[in-house]
Structure formats: C-alpha cells, structure tokens
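Enquirer: One structure, pasted below without further comment.
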Amino acid sequence: YLFDTNIDKIHEKLQGFNVDILIVPNLQVIQTCMIRQNNDLPQDNQLGWHMVQQEQEQQIIQDDENSEISIQSQRNPQLSNSDDLLESSYELQSENEQSQNEEISNQLSVQQISSKEEQENLTSDGNQILEPELNEQQGIQPQFEPQEQILCQSQALQNMRLLVGPKIQTIGDECFQQSYIEKLIGNDVKFVGQKSFYDAKQFQQINLTQTLQIGSNAFSNTKLKVIKNNIIEELGQSQFSNLHTEVQLIKMKSLLKISTMDFQNCVIKKFDAPLVEDVEAQTILNLDKFDMDKSEDVTFYVCEKNFDDFDGVINDYFEPLEVEPDYQLFLKFLPQQCFGCESVSSKNANDFVVNHVVVLPVNIKKVEESAFKRNQKRSHIKQQIFYIFGAGVEFLGKEAFFDNTNIRKAIFPKLQHISDRAFYKNESLVTIIAPLCIQIGESTFDCCYNLNAIKIAPSILKQYVFAFNYACLYLCLNQVKEVDAYAFYEASIKTLIVENCEYIHPKAFYKTDHKVNVLCSKKFRKIDEVENCTQIYYFSNDEVRIYDYQAKLLQLQEINQLLVVRPRMLWKRKLQVLKRWKKYDDQNL
C-alpha cells in the first residue's frame with residue numbers, strides 16, 4: 001500500500017520484492033522505469049539501482065583520482081616530504097595530459113611507492129600507523145573496483161497479480177508486457193500505450209469505459225473476457241488480437257470502423273457495436289516455405305452481433321459454446337466410413353469433426369502425426385475444435401492437435417502414449433483426462449496456459465511438458481519417477497506431489513517466479529540441488545492421501561464460495577439432493 005505519486009519512487013521501493021497485490025491510491029501515471037545494474041548479475045532477476053546521471057558519475061571518478069593522492073599522504077607522514085611522493089603526485093596530476101603508455105608507467109610507479117610505504121609504515125616504537133577514517137563530507141571517497149553496469153528495465157511490477165489504482169489515467173508503453181498481472185482495478189483509465197499488456201497471458205480484467213486511446217497491440221495475447229468502451233470510434237492497430245480465451249462480451253457504443261486485425265483469431269460470443277459501418281478485411285503473408293507468394297485472410301469469429309456482415313467476420317458457431325456436448329449423440333452423426341478404419345490422418349480428419357467436436361469411435365486406435373494440426377497460416381481443418389472424445393484411442397502422434405487454440409477439454413479413456421507437442425499451444429485447454437496414459441513426450445502441454453485439471457499417469461515428465469502453464473497451482477502425479485530439465489519452465493506450479501519420484505533435474509523449475517513445494521518419498525535426497533524448490537516433505541502413502549484429500553477439500557471450498565454468487569436455482573437443486581440423501585432434515589436445512 002503506497003501513497004507515492006511518482007512511479008519512479010514506487011519502482012525504487014519495490015526493488016527486491018515479489019508483490020502480489022499493489023494498492024496505489026494517488027498514482028495517476030504508470031510506466032516503465034530504466035535501472036542500472038551490474039553486468040555480472042543474472043538477467044532473470046533484473047533488480048538493481050536507479051539511473052545515476054552522467055554528470056554525477058564523472059564527478060565520482062574525478063573525486064577518486066584526487067583522493068588517491070591525499071590518501072597516500074595521510075597514510076605515512078614521514079614520506080610526505082620525500083622526493084618519491086612528490087614525483088608520484090606530479091605523475092597522478094598529469095595523467096589526463098599523458099599518452100596511454102605514460103599512464104601505464106605512472107601506475108607502475110605508484111605501485112612501487114605503495115610497496116615502500118608498507119615497509120616503512122611503522123613508527124619508531126614499532127607500532128603500526130592507523131589509517132584515518134574516510135569522510136564523504138570531506139570529499140574523500142573510498143577506493144572501490146568499478147564494475148561494468150548496464151541499463152535494463154525494472155522488473156518491480158512484473159510479478160504483481162493485482163493492481164488497484166483508482167486514479168490511474170495513463171498506462172505507458174510496454175508497462176506490463178509479458179508480466180503476470182491478472183487484474184487492474186480503476187475506473188479512470190484514459191490512455192493505454194503500445195503493447196502495455198502485450199503477452200501478459202493471465203491478464204483478464206480492466207475497465208476501459210472512459211478510455212480515449214488504446215495503442216497498438218495493447219492487449220494482444222491476453223485473456224480479456226469483457227471489453228466495454230463508450231468513446232472510441234475507430235480501432236485499426238491490432239489492439240485485441242489473438243486473445244487466449246473466448247470473449248464473452250464486446251460493447252462499444254461509439255465504434256464506427258474496425259479491421260479484422262483488431263480481433264485476429266478471436267472467438268467472440270456477443271459483439272454489441274450498432275454503429276459499425278466498415279470492417280476492413282486485411283491479409284497477412286504466408287510464411288510457409290512452400291507458399292511464400294500466397295497471403296492469408298485475417299478473420300475473427302462472432303456468435304451474435306448487431307451490425308452488418310463483412311468479409312473476415314465469420315458467424316458460424318453453435319450456441320452455447322461453453323456447454324459440453326453429448327458425445328454419444330454426436331457419434332451418430334459420423335459418416336459410415338469413420339467406422340471402417342483404425343486410424344485418423346490429415347486426409348480424413350475432417351470426417352470426424354461434428355459441429356466443432358472431434359468424436360472418435362471405438363475402432364479408432366491411433367491419431368497419426370499432425371492429423372488435426374492447424375496454425376494461423378494454413379490448415380486443412382475446416383472447423384474450429386472445442387471438445388475431443390476418443391473412446392478407443394491408444395496412441396497420439398506428434399503434433400496431433402498442434403495449435404488448436406480453442407480446445408477446452410479432451411477425454412481419452414484408453415490412451416497410453418502421447419507424442420511430442422501433441423497439444424502444443426492449446427491455449428484454451430482446461431481439462432485433459434487420460435487416466436491410463438503412462439508416457440508423454442516433450443512439450444506435450446507446452447503453452448497450454450489455462451490447463452489446470454490433469455488426469456494422467458506418466459512415469460517421466462520430459463522437457464517443457466508443462467512449460468508456460470499459469471493455471472495449474474497444485475498437481476499430484478504419484479506415478480512419476482523422474483522430472484527432466486525445464487519440465488515446469490516459467491510455470492505457476494506451487495505444489496507438486498510425486499510420491500515415487502527418484503530424480504528431479506536441478507533446472508526442472510527453471511524461471512519460475514516463486515519457490516515450489518515438492519512432496520516426494522524418502523528415496524530422493526538431492527532436493528537442495530533443485531533450483532526454486534524451497535521445501536521438501538517426505539510422506540508415507542497414507543499421509544500423501546491425507547494431504548491430497550485436504551488439498552481437494554480446499555478446492556471444493558473455493559468452488560463453494562463461487563457458487564454463492566450464482567442464481568438461487570443452484571442452491572435449490574443442492575437442497576433437493578441433500579434431502580434425497582437424507583443427510584439432514586428440513587429443520588437443519
């Protein structure tokens with residue numbers, strides 16, 4: 001809780017701290033701050049000192065040169081009148097006028113004099129002459145070895161989760177770029193700079209109702225769900241492109257003109273902009289080495305809108321998107337040829353997509369490499385995919401569902417093997433259920449930012465398997481025996497239970513912004529070598545189950561608190577269930 005009005009002072013006070021919640025009631029302008037840091041420090045922890053003006057630096061260097069002469073004269077008064085000392089002082093005063101070779105010789109002569117002083121630095125009684133204390137007020141600076149310093153951006157605001165600023169009006173360029181911020185609470189934001197929240201993958205809430213200007217890519221690659229504004233009339237700089245989650249509502253009363261780049265690849269449930277007159281359809285170059293001369297149309301998807309149809313605005317999504325379908329019912333809509341093969345490839349993948357749901361019957365045992373792969377440049381999959389159900393699938397090939405950014409849930413009751421990058425960059429994936437899966441490849445769930453419900457049983461967690469996961473804070477994988485390097489690279493995991501683990505690579509939790517609690521058996525004794533691992537508990541089997549139960553109980557309590565704000569129909573339904581169980585009578589209810 002800081003009352004400062006100067007953002008530089010706030011940066012200075014926060015250096016060296018990991019702040020979750022910051023309240024700044026008087027701050028109006030928030031921006032980045034450049035700091036000076038030693039070059040030998042690791043760049044991961046870019047904490048340092050504020051910039052020192054160039055004039056002050058030069059003054060310090062000049063004071064050091066002058067003080068070296070006075071220090072030598074104070075060390076041994078007996079040598080103050082000697083010819084050697086006079087010669088050395090003359091050489092030091094003429095350093096700036098001599099050539100580089102003369103400077104080297106001067107340094108050698110000074111070293112010779114200092115060695116003589118050390119030999120003669122005793123009084124006639126044999127006592128050592130004490131050096132006088134150096135006083136900064138007298139202009140005498142202590143000797144030090146200057147270290148090479150570099151300018152870097154302050155990271156004081158990068159690890160913050162919640163910012164409360166009721167008076168914040170201006171957010172500077174790249175202020176929270178690639179940070180961990182989730183919410184900014186304030187109703188007076190007027191200006192948002194370029195890339196202010198770019199690639200802040202957990203950012204999901206800000207009040208833009210009174211905002212006058214939004215810079216280019218300001219909210220690209222975030223998780224904004226609601227966008228409201230009453231003033232802006234025109235976009236056109238990719239302000240909300242590539243949002244990682246489905247946008248529930250966009251309400252912009254004064255909006256007249258937009259382009260498809262502004263909401264590139266976004267899925268919007270409701271777009272309320274009645275005054276929109278023009279949507280500029282834009283294209284991007286295809287970077288595929290086989291199609292360098294071709295370009296791709298930029299599109300975004302809308303379920304419900306109140307403006308005319310334009311090129312680039314696709315309106316073909318079923319309602320409602322958030323409801324999980326009946327998979328057995330969807331199996332009935334598959335073509336007949338889907339029941340006569342044992343694998344799915346890129347050639348017949350579209351046959352298994354029904355109303356944006358991948359349904360694989362029992363006869364399908366294998367999903368081949370890149371079967372449902374899609375990317376922003378080119379894809380053979382005609383529909384966006386939201387849910388996956390593979391009743392008999394036992395093997396997933398490499399990049400099977402690569403870059404399907406809208407998949408929410410995947411269920412594989414018999415799956416045993418997942419190859420490398422099978423679910424890479426499934427940004428909306430929340431749940432993966434494969435209880436028999438004993439082997440997963442590298443980067444399997446890399447860049448699955450929202451994955452938090454995981455039911456698998458692997459023996460080895462390979463490199464980058466859960467990298468850049470920001471939603472899963474608690475994970476229990478008791479079958480794991482080995483955790484490779486970078487398995488949780490820059491992830492938000494806080495508690496990991498690996499009951500039978502025998503080895504964890506020192507860099508398994510590399511670049512996590514906090515310490516991870518690892519719970520494992522007594523077989524593993526080298527926990528001190530693991531970076532970002534602060535505590536270790538050795539539990540018996542029964543104790544692990546008790547801890548697992550307590551953790552799940554806490555999750556249920558959090559869900560219970562969320563249900564309080566839901567409609568009363570949920571509580572009525574809950575009361576009916578309790579009555580049916582005869583747990584309570586009417587009076588206790």
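Ordering of the structure tokens sets the chain letters (A, B, ...), residue numbers begin anew at 1 in every chain, and ligands are numbered from 1 in the order given.
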Please provide as a count of residues only all residues within 7 Å of Ile438 (chain A), with the sequence filter that same-chain residues fewer than 4 positions apart are discarded (counting only C-alpha atoms).
Expert: 5
Enquirer: Report as a VMD selection string all protein, DNA and RNA residues lying within 12 Å of Val267 (chain A), evaluated on only C-alpha atoms, omitting residues in the same chain fewer than 5 positions from it.
Expert: chain A and resid 223 to 225 240 to 250 299 to 304 313 to 318 321 to 322 384 to 386 405 to 407 428
Enquirer: Between CA of Lys270 (chain A) and CA of Leu331 (chain A), what is the spacing in Å?
Expert: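 These two atoms are separated by 29.4 Å.
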